[in-house]
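Right, one structure below, let's go through it.
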Amino acid sequence: MTVPLLSIRNLDVSYPTARGQAQILSAVDLTIAPGASVGLVGESGSGKSTLALALLGLLPDNAKIQSESAVFDNCPDALSPAATRRLRGIDIAMVFQDPMTALNPLFTIGTHLVEIQRRKFAGASRAELWARGEAMLARVGVSDAGNRMRRYPHEFSGGMRQRVVIAMALLVEPKLLIADEPTTALDATIEAQVVDILRDLRSELSAALLVVSHSFGLIAELCETVIVMYAGTIVETGAVGDVLRDPHHPYAQALLACEIEPLSSIESAEPLVTIPGTVPDPANRPAGCVFAARCPARHDRCSEPPPFVSQGNGRGFACWLGVSS
Ligand SMILES: Nc1ncnc2c1ncn2[C@@H]1O[C@H](COP(=O)(O)OP(=O)(O)OP(=O)(O)O)[C@@H](O)[C@H]1O
Ligand SMILES: [Mg+2]
């Protein structure tokens with residue numbers, strides 16, 4: 001078996017709140033092989049960005065982060081502040097949802113593309129870095145890249161800015177590229193173009209990809225495997241095609257139905273499918289299955305935490321339905 005690029009076991013993240021410690025991630029395992037593409041899907045508030053930001057060491061100071069083990073490449077203790085500082089922007093790069101959070105309005109696009117490379121390519125001249133930046137800007141589909149290098153972020157459209165941010169992330173030749181909702185700020189046409197760029201570049205570059213999204217559709221376009229997250233726990237994993245065709249966990253089934261049904265609801269004028277109930281309060285999580293209160297298949301055993309039932313080849317789900325009684 002190949003040695004994983006990233007391997008995290010039993011990750012917990014919590015915050016102190018007035019109502020007690022809020023558990024945002026609970027017993028999360030994450031393994032990414034070199035060059036693999038993994039999607040992380042779940043509804044808003046499920047902890048997706050928390051996981052991504054933990055990998056980058058960008059969680060707020062009051063976050064309590066604990067794990068049994070966290071190894072990135074040859075770096076043990078990969079979630080420690082010292083390790084994340086060293087890896088961030090060199091071996092792990094991030095494309096954020098809103099490109100303006102990554103762009104400084106006072107600097108030209110060229111300056112952004114040069115400065116991002118400084119740490120990784122410390123010996124290179126500005127002219128070399130500028131040329132690499134310009135080539136990458138052209139590569140991500142910005143026409144007239146030479147001229148655009150001298151322009152400012154506000155002179156770019158949303159879709160163009162997202163291409164700049166992707167170019168910035170790729171210029172450092174990371175071993176892991178994390179894209180957190182890379183297309184939600186874009187309209188459907190531009191979204192399709194950005195997905196195409198990410199897919200093309202993946203086949204050219206050796207970086208592993210972690211795509212964070214609330215949309216199964218986006219993950220199916222870009223990833224081989226998917227992790228379904230609910231209320232800070234992993235409820236199902238597997239090859240994207242397998243999970244899409246036959247989701248096992250009732251939450252994965254419900255989430256997928258919410259995404260697929262709207263189209264047929266328009267035709268049939270049926271009400272939109274939603275998942276009844278709300279996500280548990282992170283400061284007051286249920287002792288048993290976190291999804292039980294909303295689950296159509298719940299039964300007595302769900303008052304105990306379900307085991308994660310592994311079915312081989314990375315497929316598995318955390319539900320008592322998978323345990324023969
Ligand atoms: N500093 C903090 N203190 C307390 N709770 C926090 C803090 N930051 C985030 N949270 C909580 O953590 C939970 C998970 O947030 P996170 O942003 O990781 O979710 P997400 O899955 O990325 O959601 P979205 O799809 O909306 O981006 C939320 O309930 C949020 O309120
Ligand atoms: Mg998020």
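Starting from 1 in every chain, residues are counted up; chains themselves are A, B, ... following the order of the structure tokens, and ligands are numbered from 1 as listed.
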
Write out, as CSV, each residue of chain A that has an atom at most 10 Å from ligand 1, together with the closest pair of atoms and their distance in Å to one decimal, counting only C-alpha atoms and all ligand atoms, rows going by chain and rising number.
residue,atom,partner,partner_atom_place_in_ligand_line,distance
A:Val13,CA,ligand 1,12 (O),9.0
A:Ser14,CA,ligand 1,4 (C),7.5
A:Tyr15,CA,ligand 1,4 (C),5.1
A:Pro16,CA,ligand 1,4 (C),7.1
A:Thr17,CA,ligand 1,4 (C),6.6
A:Ala18,CA,ligand 1,4 (C),10.0
A:Gln21,CA,ligand 1,4 (C),8.8
A:Ala22,CA,ligand 1,5 (N),6.5
A:Gln23,CA,ligand 1,12 (O),8.0
A:Ile24,CA,ligand 1,12 (O),5.1
A:Leu25,CA,ligand 1,14 (C),8.0
A:Leu40,CA,ligand 1,21 (O),9.1
A:Val41,CA,ligand 1,21 (O),8.0
A:Gly42,CA,ligand 1,21 (O),6.3
A:Glu43,CA,ligand 1,25 (O),5.6
A:Ser44,CA,ligand 1,25 (O),3.4
A:Gly45,CA,ligand 1,19 (O),3.5
A:Ser46,CA,ligand 1,21 (O),3.9
A:Gly47,CA,ligand 1,18 (O),3.2
A:Lys48,CA,ligand 1,21 (O),3.8
A:Ser49,CA,ligand 1,22 (O),3.6
A:Thr50,CA,ligand 1,18 (O),3.7
A:Leu51,CA,ligand 1,18 (O),6.6
A:Ala52,CA,ligand 1,18 (O),8.1
A:Leu53,CA,ligand 1,18 (O),8.2
A:Ala54,CA,ligand 1,18 (O),9.7
A:Leu59,CA,ligand 1,1 (N),7.6
A:Pro60,CA,ligand 1,1 (N),6.0
A:Asp61,CA,ligand 1,1 (N),8.5
A:Asn62,CA,ligand 1,1 (N),7.2
A:Ala63,CA,ligand 1,1 (N),6.9
A:Gln97,CA,ligand 1,27 (O),8.9
A:Asp180,CA,ligand 1,22 (O),8.1
A:Glu181,CA,ligand 1,27 (O),7.6
A:Val212,CA,ligand 1,22 (O),7.9
A:Ser213,CA,ligand 1,25 (O),6.8
A:His214,CA,ligand 1,25 (O),5.9
A:Ser215,CA,ligand 1,25 (O),9.5
A:Met229,CA,ligand 1,21 (O),8.2
A:Tyr230,CA,ligand 1,21 (O),8.5
A:Ala231,CA,ligand 1,14 (C),7.7
A:Gly232,CA,ligand 1,14 (C),7.2
A:Val279,CA,ligand 1,29 (O),8.7
A:Pro280,CA,ligand 1,29 (O),9.1
A:Asp281,CA,ligand 1,29 (O),7.7
A:Pro282,CA,ligand 1,29 (O),6.5
A:Ala283,CA,ligand 1,5 (N),9.1

Review point. Which residues, written as JSON, numbers by chain, have at least one atom at most 7 Å from segment 77-79 of chain A, with only C-alpha atoms counted and residues fewer than 5 positions away on the same chain left out?
Key: {"A": [54, 55, 57, 69, 70, 71, 72, 84]}

Put those residues in a file: N, CA, C and O atoms, as a PDB file, in the first residue's frame.
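Wrote out27.pdb, looks like this:
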ATOM      1  N   ALA A  54      -7.944  23.513  10.252  1.00  0.00           N
ATOM      2  CA  ALA A  54      -7.059  22.827  11.203  1.00  0.00           C
ATOM      3  C   ALA A  54      -5.806  22.346  10.485  1.00  0.00           C
ATOM      4  O   ALA A  54      -4.693  22.446  11.010  1.00  0.00           O
ATOM      5  N   LEU A  55      -5.969  21.855   9.241  1.00  0.00           N
ATOM      6  CA  LEU A  55      -4.821  21.371   8.476  1.00  0.00           C
ATOM      7  C   LEU A  55      -3.841  22.503   8.158  1.00  0.00           C
ATOM      8  O   LEU A  55      -2.647  22.288   7.999  1.00  0.00           O
ATOM      9  N   GLY A  57      -3.532  25.190  10.130  1.00  0.00           N
ATOM     10  CA  GLY A  57      -3.169  25.895  11.361  1.00  0.00           C
ATOM     11  C   GLY A  57      -3.807  27.268  11.439  1.00  0.00           C
ATOM     12  O   GLY A  57      -3.230  28.185  12.010  1.00  0.00           O
ATOM     13  N   SER A  69      -3.093  10.907  16.252  1.00  0.00           N
ATOM     14  CA  SER A  69      -1.898  11.093  15.429  1.00  0.00           C
ATOM     15  C   SER A  69      -2.250  11.976  14.240  1.00  0.00           C
ATOM     16  O   SER A  69      -3.408  12.028  13.810  1.00  0.00           O
ATOM     17  N   ALA A  70      -1.268  12.696  13.735  1.00  0.00           N
ATOM     18  CA  ALA A  70      -1.464  13.562  12.564  1.00  0.00           C
ATOM     19  C   ALA A  70      -0.138  13.634  11.834  1.00  0.00           C
ATOM     20  O   ALA A  70       0.810  14.265  12.294  1.00  0.00           O
ATOM     21  N   VAL A  71      -0.067  12.942  10.699  1.00  0.00           N
ATOM     22  CA  VAL A  71       1.191  12.876   9.950  1.00  0.00           C
ATOM     23  C   VAL A  71       0.959  13.436   8.549  1.00  0.00           C
ATOM     24  O   VAL A  71       0.004  13.049   7.869  1.00  0.00           O
ATOM     25  N   PHE A  72       1.801  14.367   8.136  1.00  0.00           N
ATOM     26  CA  PHE A  72       1.762  14.864   6.758  1.00  0.00           C
ATOM     27  C   PHE A  72       3.123  14.619   6.146  1.00  0.00           C
ATOM     28  O   PHE A  72       4.132  15.138   6.650  1.00  0.00           O
ATOM     29  N   THR A  84       2.318  23.469  11.034  1.00  0.00           N
ATOM     30  CA  THR A  84       1.400  24.102  10.072  1.00  0.00           C
ATOM     31  C   THR A  84       2.008  25.385   9.501  1.00  0.00           C
ATOM     32  O   THR A  84       1.839  25.680   8.317  1.00  0.00           O
TER      33      THR A  84
END

Point to revise | Nearest candidate to Leu11 of chain A (options A:Val228, A:Ser67, A:Leu103, A:Ala33; using only C-alpha atoms) | key: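 Among the listed residues, A:Ser67 lies closest to Leu11 of chain A.
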
Compile a residue-level contact table for segment 189-296 of chain A against segment 304-319 of chain A at a cut-off of 12 Å, reporting for every qualifying residue the shortest atom pair and its distance in Å to one decimal, with only C-alpha atoms counted, rows ordered by chain and ascending number, as a tab-separated table.
residue	atom	partner	partner_atom	distance
A:Glu224	CA	A:Gly314	CA	11.1
A:Thr225	CA	A:Gly314	CA	8.4
A:Val226	CA	A:Arg315	CA	9.4
A:Ile227	CA	A:Arg315	CA	9.6
A:Val228	CA	A:Phe317	CA	9.1
A:Met229	CA	A:Ala318	CA	10.5
A:Tyr230	CA	A:Ala318	CA	10.7
A:Thr233	CA	A:Ala318	CA	9.1
A:Ile234	CA	A:Ala318	CA	7.4
A:Val235	CA	A:Ala318	CA	4.9
A:Glu236	CA	A:Phe317	CA	4.1
A:Thr237	CA	A:Arg315	CA	5.3
A:Gly238	CA	A:Arg315	CA	4.0
A:Ala239	CA	A:Arg315	CA	6.9
A:Val240	CA	A:Arg315	CA	9.9
A:Gly241	CA	A:Arg315	CA	11.2
A:Asp242	CA	A:Arg315	CA	8.4
A:Val243	CA	A:Arg315	CA	8.4
A:Asp246	CA	A:Arg315	CA	11.2
A:Pro247	CA	A:Phe317	CA	9.1
A:His248	CA	A:Phe317	CA	6.8
A:His249	CA	A:Phe317	CA	6.1
A:Pro250	CA	A:Cys319	CA	8.4
A:Tyr251	CA	A:Cys319	CA	9.9
A:Ala252	CA	A:Phe317	CA	9.5
A:Gln253	CA	A:Phe317	CA	11.7
A:Arg285	CA	A:Pro305	CA	11.3
A:Pro286	CA	A:Pro305	CA	9.0
A:Ala287	CA	A:Glu304	CA	6.6
A:Gly288	CA	A:Glu304	CA	4.0
A:Cys289	CA	A:Pro305	CA	4.8
A:Val290	CA	A:Pro305	CA	7.9
A:Phe291	CA	A:Cys319	CA	9.5
A:Ala292	CA	A:Cys319	CA	9.7
A:Cys295	CA	A:Cys319	CA	10.8

Could you save the residues just selected, with N, CA, C and O atoms, as a compact mmCIF listing (two decimals), in the first residue's frame?
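Okay, part18.txt is ready:
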# COMPACT_ATOMS: atom_id res chain seq x y z
N GLU A 224 -12.28 11.48 -6.53
CA GLU A 224 -12.44 10.03 -6.64
C GLU A 224 -13.20 9.49 -5.43
O GLU A 224 -14.01 8.59 -5.55
N THR A 225 -12.88 10.03 -4.26
CA THR A 225 -13.55 9.52 -3.05
C THR A 225 -14.25 10.66 -2.33
O THR A 225 -13.93 11.84 -2.54
N VAL A 226 -15.21 10.29 -1.50
CA VAL A 226 -15.97 11.31 -0.77
C VAL A 226 -16.08 10.94 0.70
O VAL A 226 -16.14 9.75 1.05
N ILE A 227 -16.07 11.97 1.53
CA ILE A 227 -16.31 11.81 2.96
C ILE A 227 -17.56 12.61 3.28
O ILE A 227 -17.61 13.81 2.95
N VAL A 228 -18.56 11.98 3.85
CA VAL A 228 -19.78 12.70 4.20
C VAL A 228 -19.73 13.00 5.69
O VAL A 228 -19.52 12.11 6.52
N MET A 229 -19.91 14.28 6.00
CA MET A 229 -19.76 14.71 7.39
C MET A 229 -21.09 15.25 7.90
O MET A 229 -21.80 15.94 7.19
N TYR A 230 -21.40 14.90 9.14
CA TYR A 230 -22.60 15.45 9.78
C TYR A 230 -22.25 15.82 11.22
O TYR A 230 -21.73 14.99 11.97
N THR A 233 -18.92 14.77 12.65
CA THR A 233 -18.47 13.37 12.61
C THR A 233 -18.57 12.85 11.17
O THR A 233 -19.41 13.32 10.39
N ILE A 234 -17.72 11.88 10.86
CA ILE A 234 -17.78 11.27 9.53
C ILE A 234 -18.85 10.18 9.56
O ILE A 234 -18.78 9.27 10.39
N VAL A 235 -19.84 10.30 8.69
CA VAL A 235 -20.92 9.31 8.69
C VAL A 235 -20.80 8.31 7.55
O VAL A 235 -21.35 7.21 7.63
N GLU A 236 -20.11 8.70 6.47
CA GLU A 236 -19.93 7.73 5.37
C GLU A 236 -18.71 8.10 4.54
O GLU A 236 -18.39 9.28 4.37
N THR A 237 -18.03 7.09 4.03
CA THR A 237 -16.91 7.32 3.11
C THR A 237 -17.00 6.30 1.98
O THR A 237 -17.62 5.25 2.14
N GLY A 238 -16.36 6.61 0.85
CA GLY A 238 -16.32 5.63 -0.23
C GLY A 238 -15.97 6.29 -1.55
O GLY A 238 -15.79 7.52 -1.62
N ALA A 239 -15.87 5.47 -2.59
CA ALA A 239 -15.66 6.02 -3.93
C ALA A 239 -16.89 6.86 -4.28
O ALA A 239 -18.03 6.46 -3.95
N VAL A 240 -16.67 8.01 -4.93
CA VAL A 240 -17.78 8.93 -5.20
C VAL A 240 -18.94 8.22 -5.91
O VAL A 240 -20.09 8.34 -5.49
N GLY A 241 -18.61 7.45 -6.94
CA GLY A 241 -19.66 6.77 -7.72
C GLY A 241 -20.48 5.84 -6.86
O GLY A 241 -21.72 5.81 -6.95
N ASP A 242 -19.80 5.09 -5.98
CA ASP A 242 -20.52 4.12 -5.12
C ASP A 242 -21.46 4.85 -4.16
O ASP A 242 -22.61 4.44 -3.97
N VAL A 243 -20.96 5.91 -3.54
CA VAL A 243 -21.78 6.62 -2.56
C VAL A 243 -22.96 7.32 -3.25
O VAL A 243 -24.08 7.32 -2.75
N ASP A 246 -25.44 4.52 -4.27
CA ASP A 246 -26.06 3.74 -3.22
C ASP A 246 -25.59 4.21 -1.84
O ASP A 246 -24.81 3.53 -1.17
N PRO A 247 -26.05 5.39 -1.43
CA PRO A 247 -25.62 5.88 -0.10
C PRO A 247 -26.20 4.98 0.99
O PRO A 247 -27.37 4.59 0.90
N HIS A 248 -25.39 4.63 1.98
CA HIS A 248 -25.85 3.72 3.03
C HIS A 248 -26.38 4.45 4.26
O HIS A 248 -27.32 4.03 4.88
N HIS A 249 -25.70 5.55 4.63
CA HIS A 249 -26.11 6.23 5.86
C HIS A 249 -27.37 7.07 5.59
O HIS A 249 -27.44 7.77 4.57
N PRO A 250 -28.36 7.01 6.50
CA PRO A 250 -29.59 7.78 6.26
C PRO A 250 -29.33 9.27 6.02
O PRO A 250 -30.05 9.92 5.25
N TYR A 251 -28.27 9.84 6.64
CA TYR A 251 -27.98 11.26 6.39
C TYR A 251 -27.47 11.46 4.97
O TYR A 251 -27.89 12.40 4.28
N ALA A 252 -26.58 10.57 4.50
CA ALA A 252 -26.07 10.68 3.13
C ALA A 252 -27.24 10.54 2.14
O ALA A 252 -27.32 11.26 1.14
N GLN A 253 -28.17 9.63 2.44
CA GLN A 253 -29.34 9.45 1.57
C GLN A 253 -30.16 10.74 1.53
O GLN A 253 -30.57 11.20 0.46
N ARG A 285 -24.17 17.87 22.55
CA ARG A 285 -24.35 16.80 21.57
C ARG A 285 -25.00 15.58 22.21
O ARG A 285 -24.76 15.29 23.38
N PRO A 286 -25.81 14.86 21.44
CA PRO A 286 -26.43 13.66 22.01
C PRO A 286 -25.38 12.60 22.32
O PRO A 286 -24.33 12.56 21.67
N ALA A 287 -25.67 11.76 23.30
CA ALA A 287 -24.70 10.73 23.70
C ALA A 287 -24.60 9.64 22.62
O ALA A 287 -23.53 9.09 22.39
N GLY A 288 -25.69 9.37 21.91
CA GLY A 288 -25.69 8.31 20.90
C GLY A 288 -25.39 8.86 19.52
O GLY A 288 -24.55 9.75 19.36
N CYS A 289 -26.08 8.33 18.51
CA CYS A 289 -25.88 8.78 17.12
C CYS A 289 -26.26 10.26 16.99
O CYS A 289 -27.33 10.66 17.42
N VAL A 290 -25.37 11.05 16.36
CA VAL A 290 -25.63 12.49 16.24
C VAL A 290 -26.80 12.79 15.30
O VAL A 290 -27.40 13.85 15.36
N PHE A 291 -27.13 11.85 14.41
CA PHE A 291 -28.20 12.10 13.43
C PHE A 291 -29.55 11.55 13.90
O PHE A 291 -30.58 11.82 13.30
N ALA A 292 -29.55 10.81 15.01
CA ALA A 292 -30.76 10.06 15.42
C ALA A 292 -32.02 10.93 15.44
O ALA A 292 -33.08 10.52 14.94
N CYS A 295 -33.43 11.19 12.07
CA CYS A 295 -33.29 10.03 11.20
C CYS A 295 -34.60 9.26 11.05
O CYS A 295 -35.21 8.86 12.05

Exercise for review: Identify, with DSSP run on backbone atoms, the residues in segment 122-242 of chain A assigned to helix (DSSP H, G or I), and express the list as a PyMOL selection string.
Suggested key: chain A and resi 126-139+145-148+153-155+158-171+188-204+216-222+240-242

Exercise for review: May I ask for the distance between atom CA of Thr31 of chain A and atom CA of Val3 of chain A, given in Å to one decimal place?
Suggested key: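 Atom CA of Thr31 of chain A sits 10.0 Å away from atom CA of Val3 of chain A.
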